Amino acid sequence: MEKKKVTVPLVCHGHSRPVVDLFYSPITPDGFFLISASKDSSPMLRNGETGDWIGTFEGHKGAIWSSCLDTKALRAASASADFSAKLWDALTGDELHSFEHKHIVRACAFSDDTHFLLTGGVEKILRIFDLNRLDAQPRQVDNSPGSIRTVAWLHSDQMILSSCTETNGVRLWDLRSGKIVQTLETKSPVTSSEVSQDGRYITTADGSTVKFWDANHFGLVKSYDMPCNVESASLEPKHGNKFIAGGEDMWVHVFDFHTGEELGCNKGHHGPVHCVRFSPGGGSFASGSEDGTIRIWQTSPVTHDESDLLGSEPSGKVKAVADEVARKIESGLHIGGEGKTGDTDKATDA
């Protein structure tokens, strides 16, 4: 009898509270990296290909709502409930600066040229910090209509977008005037926003809907109803032919971008999925959950009987790791903290 295909993710333990945000760096000469934000107050940096733990940024005293890396993955930033956003050296883990706010900071993003850090939160103020003058006062963009949930840069750092916790839609701000020039209308507050790698699309998740917008003319390109309320969505960066979404049903769904047809459903999390992101090469994607784990899934699923499907991204190392995981599952052994057998407890001890 033919074996049923089973998708085998790399499971990354280490966080002690829910994982609420994930961010992949672009591909660098040293590979690509994944940083995670968790309510446990400690952002974690991992190898984006294998999920191996690299380090933990220690210094916040409250939940981390957002974390990101600059384009060269040399610096990290985090936004926290302790009323601060912090800048970190991603190579050493050292805190470079703490940007103090007057309320919870929910979102942060590096500009493409890496010179600025954008933050937003419960204060309803978008702030732009000059990373070449860390002690200078930030530029404040016109007041947001509500508590800020997500932020992103677009158009070569000439515009920023933001969504709010309790207010529907996405607002686009022109930094030359500091004013809102466009609002992308949605029926529910937007919980996830992503500018595609090629700059063509803005992907948003609101309620049980995933929408794709033209990032240049801001028209709605596609809108798909999801099987449940989704908190996050991400577009495949290389071909743009599929997207992922995760939410309250604890599954990570894969859909065809052109038709909205569901192509796959990845099960494994034990709590709602708060964040999903594609890797920069599109060969894998990561999900973070209320259960405190990160799972890295191959875009072409690893199966017990068809493991050759793995070859879509990076190297034989991932294939070897996934095959090892599959062998352990078949033999009934417990899988430890990291995707690598020798690193099972490293992240948990961090």
# chains A, B, ... in the order shown; residues from 1 in each chain; ligands from 1
>>> residues_around(residues="Gly199 in chain A", least_positions_apart="5", cutoff="8 Å", atoms="only C-alpha atoms", output="VMD selection string")
chain A and resid 154 to 155 215
>>> residues_around(residues="Phe99 in chain A", least_positions_apart="5", cutoff="12 Å", atoms="only C-alpha atoms", output="ChimeraX atom specification")
/A:60,77-80,82-88,104-105,108,117-120,127-131,133-138
>>> atom_distance(atom1="CA of Cys265 in chain A", atom2="CA of Pro43 in chain A")
27.7 Å
>>> residues_around(residues="Gln182 in chain A", least_positions_apart="4", cutoff="8 Å", atoms="only C-alpha atoms", output="list in words")
Arg171, Leu172, Trp173 and Phe218 of chain A
>>> write_last_selection(atoms="all heavy atoms", output="CSV table (one decimal), in the first residue's frame")
chain,number,residue,atom,x,y,z
A,171,ARG,N,-2.7,52.5,6.0
A,171,ARG,CA,-2.4,53.8,5.6
A,171,ARG,C,-1.0,53.9,5.0
A,171,ARG,O,-0.1,53.3,5.5
A,171,ARG,CB,-2.6,54.8,6.8
A,171,ARG,CG,-4.0,55.2,7.0
A,171,ARG,CD,-4.4,55.4,8.5
A,171,ARG,NE,-4.4,54.1,9.2
A,171,ARG,CZ,-5.4,53.2,9.1
A,171,ARG,NH1,-6.5,53.5,8.3
A,171,ARG,NH2,-5.4,52.1,9.7
A,172,LEU,N,-0.9,54.7,3.9
A,172,LEU,CA,0.3,54.9,3.2
A,172,LEU,C,0.7,56.4,3.4
A,172,LEU,O,-0.1,57.3,3.1
A,172,LEU,CB,0.2,54.6,1.7
A,172,LEU,CG,-0.1,53.1,1.5
A,172,LEU,CD1,-0.9,52.9,0.3
A,172,LEU,CD2,1.3,52.4,1.3
A,173,TRP,N,1.9,56.6,3.9
A,173,TRP,CA,2.4,57.9,4.3
A,173,TRP,C,3.5,58.3,3.3
A,173,TRP,O,4.5,57.5,3.1
A,173,TRP,CB,2.9,58.0,5.7
A,173,TRP,CG,2.1,57.4,6.7
A,173,TRP,CD1,1.8,56.0,6.9
A,173,TRP,CD2,1.3,58.0,7.7
A,173,TRP,NE1,1.0,55.8,8.0
A,173,TRP,CE2,0.6,57.1,8.5
A,173,TRP,CE3,1.1,59.4,8.1
A,173,TRP,CZ2,-0.2,57.4,9.6
A,173,TRP,CZ3,0.3,59.7,9.1
A,173,TRP,CH2,-0.3,58.7,9.9
A,218,PHE,N,-1.6,51.1,-5.9
A,218,PHE,CA,-2.3,50.8,-4.7
A,218,PHE,C,-3.8,50.3,-4.9
A,218,PHE,O,-4.6,50.3,-4.1
A,218,PHE,CB,-2.4,52.1,-3.8
A,218,PHE,CG,-1.0,52.7,-3.5
A,218,PHE,CD1,-0.7,54.0,-3.9
A,218,PHE,CD2,-0.1,51.9,-2.9
A,218,PHE,CE1,0.5,54.5,-3.7
A,218,PHE,CE2,1.2,52.4,-2.7
A,218,PHE,CZ,1.5,53.7,-3.1
>>> residues_around(residues="Gly55 in chain A", least_positions_apart="6", cutoff="8 Å", atoms="only C-alpha atoms", output="CSV table (one decimal) with N, CA and C atoms, in the first residue's frame")
chain,number,residue,atom,x,y,z
A,44,MET,N,15.2,35.9,19.3
A,44,MET,CA,16.2,34.8,19.0
A,44,MET,C,16.6,34.9,17.5
A,45,LEU,N,17.9,34.7,17.3
A,45,LEU,CA,18.4,34.7,15.9
A,45,LEU,C,18.8,33.2,15.6
A,46,ARG,N,18.4,32.8,14.4
A,46,ARG,CA,18.6,31.5,13.9
A,46,ARG,C,19.2,31.5,12.5
A,93,GLY,N,25.5,40.2,19.6
A,93,GLY,CA,24.4,40.2,20.5
A,93,GLY,C,24.4,41.4,21.4
A,350,ALA,N,19.1,28.7,26.2
A,350,ALA,CA,19.7,30.0,25.9
A,350,ALA,C,19.1,31.0,26.9
>>> closest_atom_pairs(of="range 195-304 of chain A", to="range 156-163 of chain A", cutoff="12 Å", atoms="only C-alpha atoms", output="CSV")
residue,atom,partner,partner_atom,distance
A:Val195,CA,A:Leu161,CA,9.5
A:Asp198,CA,A:Ser156,CA,11.6
A:Gly199,CA,A:Ser156,CA,9.4
A:Ile202,CA,A:Leu161,CA,9.7
A:Thr203,CA,A:Leu161,CA,11.7
A:Thr204,CA,A:Ser163,CA,9.6
A:Ala205,CA,A:Ser163,CA,10.6
A:Asp206,CA,A:Ser163,CA,10.2
A:Ala215,CA,A:Leu161,CA,10.5
A:Asn216,CA,A:Met159,CA,10.8
A:Phe218,CA,A:Leu161,CA,11.5
>>> select_by_dssp(residues="range 26-95 of chain A", states="strand (DSSP E or B)", output="ChimeraX atom specification")
/A:28,31,33-38,44-47,53-56,64-69,75-80,84-89,95
>>> residues_around(residues="range 285-300 of chain A", least_positions_apart="3", cutoff="6 Å", atoms="only C-alpha atoms", output="PyMOL selection string")
chain A and resi 9-13+15-19+270-279+309-310
>>> closest_atom_pairs(of="range 170-229 of chain A", to="range 240-251 of chain A", cutoff="10 Å", atoms="only C-alpha atoms", output="CSV")
residue,atom,partner,partner_atom,distance
A:Ser196,CA,A:Gly240,CA,8.7
A:Gln197,CA,A:Gly240,CA,9.5
A:Asp198,CA,A:Gly240,CA,9.5
A:Arg200,CA,A:Gly240,CA,10.0
A:Tyr201,CA,A:Gly240,CA,9.6
A:Thr203,CA,A:Phe243,CA,9.4
A:Ala205,CA,A:Ala245,CA,8.3
A:Gly207,CA,A:Gly247,CA,9.5
A:Ser208,CA,A:Gly247,CA,8.9
A:Thr209,CA,A:Ala245,CA,9.7
A:Val210,CA,A:Ala245,CA,7.9
A:Met226,CA,A:Ala245,CA,8.3
A:Pro227,CA,A:Asp249,CA,8.7
A:Cys228,CA,A:Asp249,CA,6.6
A:Asn229,CA,A:Gly247,CA,5.8
>>> residues_around(residues="Ala81 in chain A", least_positions_apart="3", cutoff="8 Å", atoms="only C-alpha atoms", output="mmCIF file with N, CA, C and O atoms, in the first residue's frame")
data_model
loop_
_atom_site.group_PDB
_atom_site.id
_atom_site.type_symbol
_atom_site.label_atom_id
_atom_site.label_comp_id
_atom_site.auth_asym_id
_atom_site.auth_seq_id
_atom_site.Cartn_x
_atom_site.Cartn_y
_atom_site.Cartn_z
ATOM 1 N N LYS A 61 12.608 43.932 29.138
ATOM 2 C CA LYS A 61 11.898 43.546 30.362
ATOM 3 C C LYS A 61 10.404 43.325 30.116
ATOM 4 O O LYS A 61 9.618 43.252 31.061
ATOM 5 N N GLY A 62 10.018 43.224 28.866
ATOM 6 C CA GLY A 62 8.612 42.996 28.526
ATOM 7 C C GLY A 62 8.507 42.195 27.249
ATOM 8 O O GLY A 62 9.512 41.913 26.573
ATOM 9 N N ALA A 63 7.296 41.813 26.902
ATOM 10 C CA ALA A 63 7.052 41.035 25.691
ATOM 11 C C ALA A 63 7.629 41.744 24.470
ATOM 12 O O ALA A 63 7.608 42.974 24.374
ATOM 13 N N ILE A 64 8.144 40.953 23.533
ATOM 14 C CA ILE A 64 8.620 41.480 22.251
ATOM 15 C C ILE A 64 7.508 41.276 21.235
ATOM 16 O O ILE A 64 7.056 40.155 21.015
ATOM 17 N N TRP A 65 7.079 42.355 20.595
ATOM 18 C CA TRP A 65 5.990 42.271 19.627
ATOM 19 C C TRP A 65 6.487 42.220 18.191
ATOM 20 O O TRP A 65 5.773 41.764 17.295
ATOM 21 N N SER A 84 10.116 50.362 24.930
ATOM 22 C CA SER A 84 11.361 50.667 24.227
ATOM 23 C C SER A 84 11.472 49.865 22.940
ATOM 24 O O SER A 84 10.840 48.820 22.771
ATOM 25 N N HIS A 103 4.965 54.425 25.589
ATOM 26 C CA HIS A 103 3.990 53.347 25.724
ATOM 27 C C HIS A 103 4.532 52.129 24.966
ATOM 28 O O HIS A 103 5.644 52.147 24.434
ATOM 29 N N ILE A 104 3.727 51.071 24.916
ATOM 30 C CA ILE A 104 4.135 49.815 24.273
ATOM 31 C C ILE A 104 4.476 50.044 22.809
ATOM 32 O O ILE A 104 3.738 50.721 22.076
ATOM 33 N N VAL A 105 5.607 49.459 22.362
ATOM 34 C CA VAL A 105 6.029 49.532 20.961
ATOM 35 C C VAL A 105 5.656 48.209 20.292
ATOM 36 O O VAL A 105 6.063 47.144 20.754
ATOM 37 N N ARG A 106 4.860 48.273 19.244
ATOM 38 C CA ARG A 106 4.336 47.065 18.620
ATOM 39 C C ARG A 106 5.050 46.667 17.339
ATOM 40 O O ARG A 106 4.958 45.517 16.896
#
>>> atom_distance(atom1="CA of Phe23 in chain A", atom2="CA of Ser66 in chain A")
8.7 Å
>>> atom_distance(atom1="CA of Ser192 in chain A", atom2="CA of Ser232 in chain A")
5.0 Å
>>> closest_residue(among="A:Ser193, A:Ser42, A:His258, A:His101", to="Val122 in chain A", atoms="only C-alpha atoms")
A:His101
>>> select_by_dssp(residues="range 96-319 of chain A", states="alpha helix (DSSP H)", output="PyMOL selection string")
chain A and resi 316-319
>>> residues_around(residues="Ser144 in chain A", least_positions_apart="3", cutoff="8 Å", atoms="only C-alpha atoms", output="PyMOL selection string")
chain A and resi 124-126+147-148
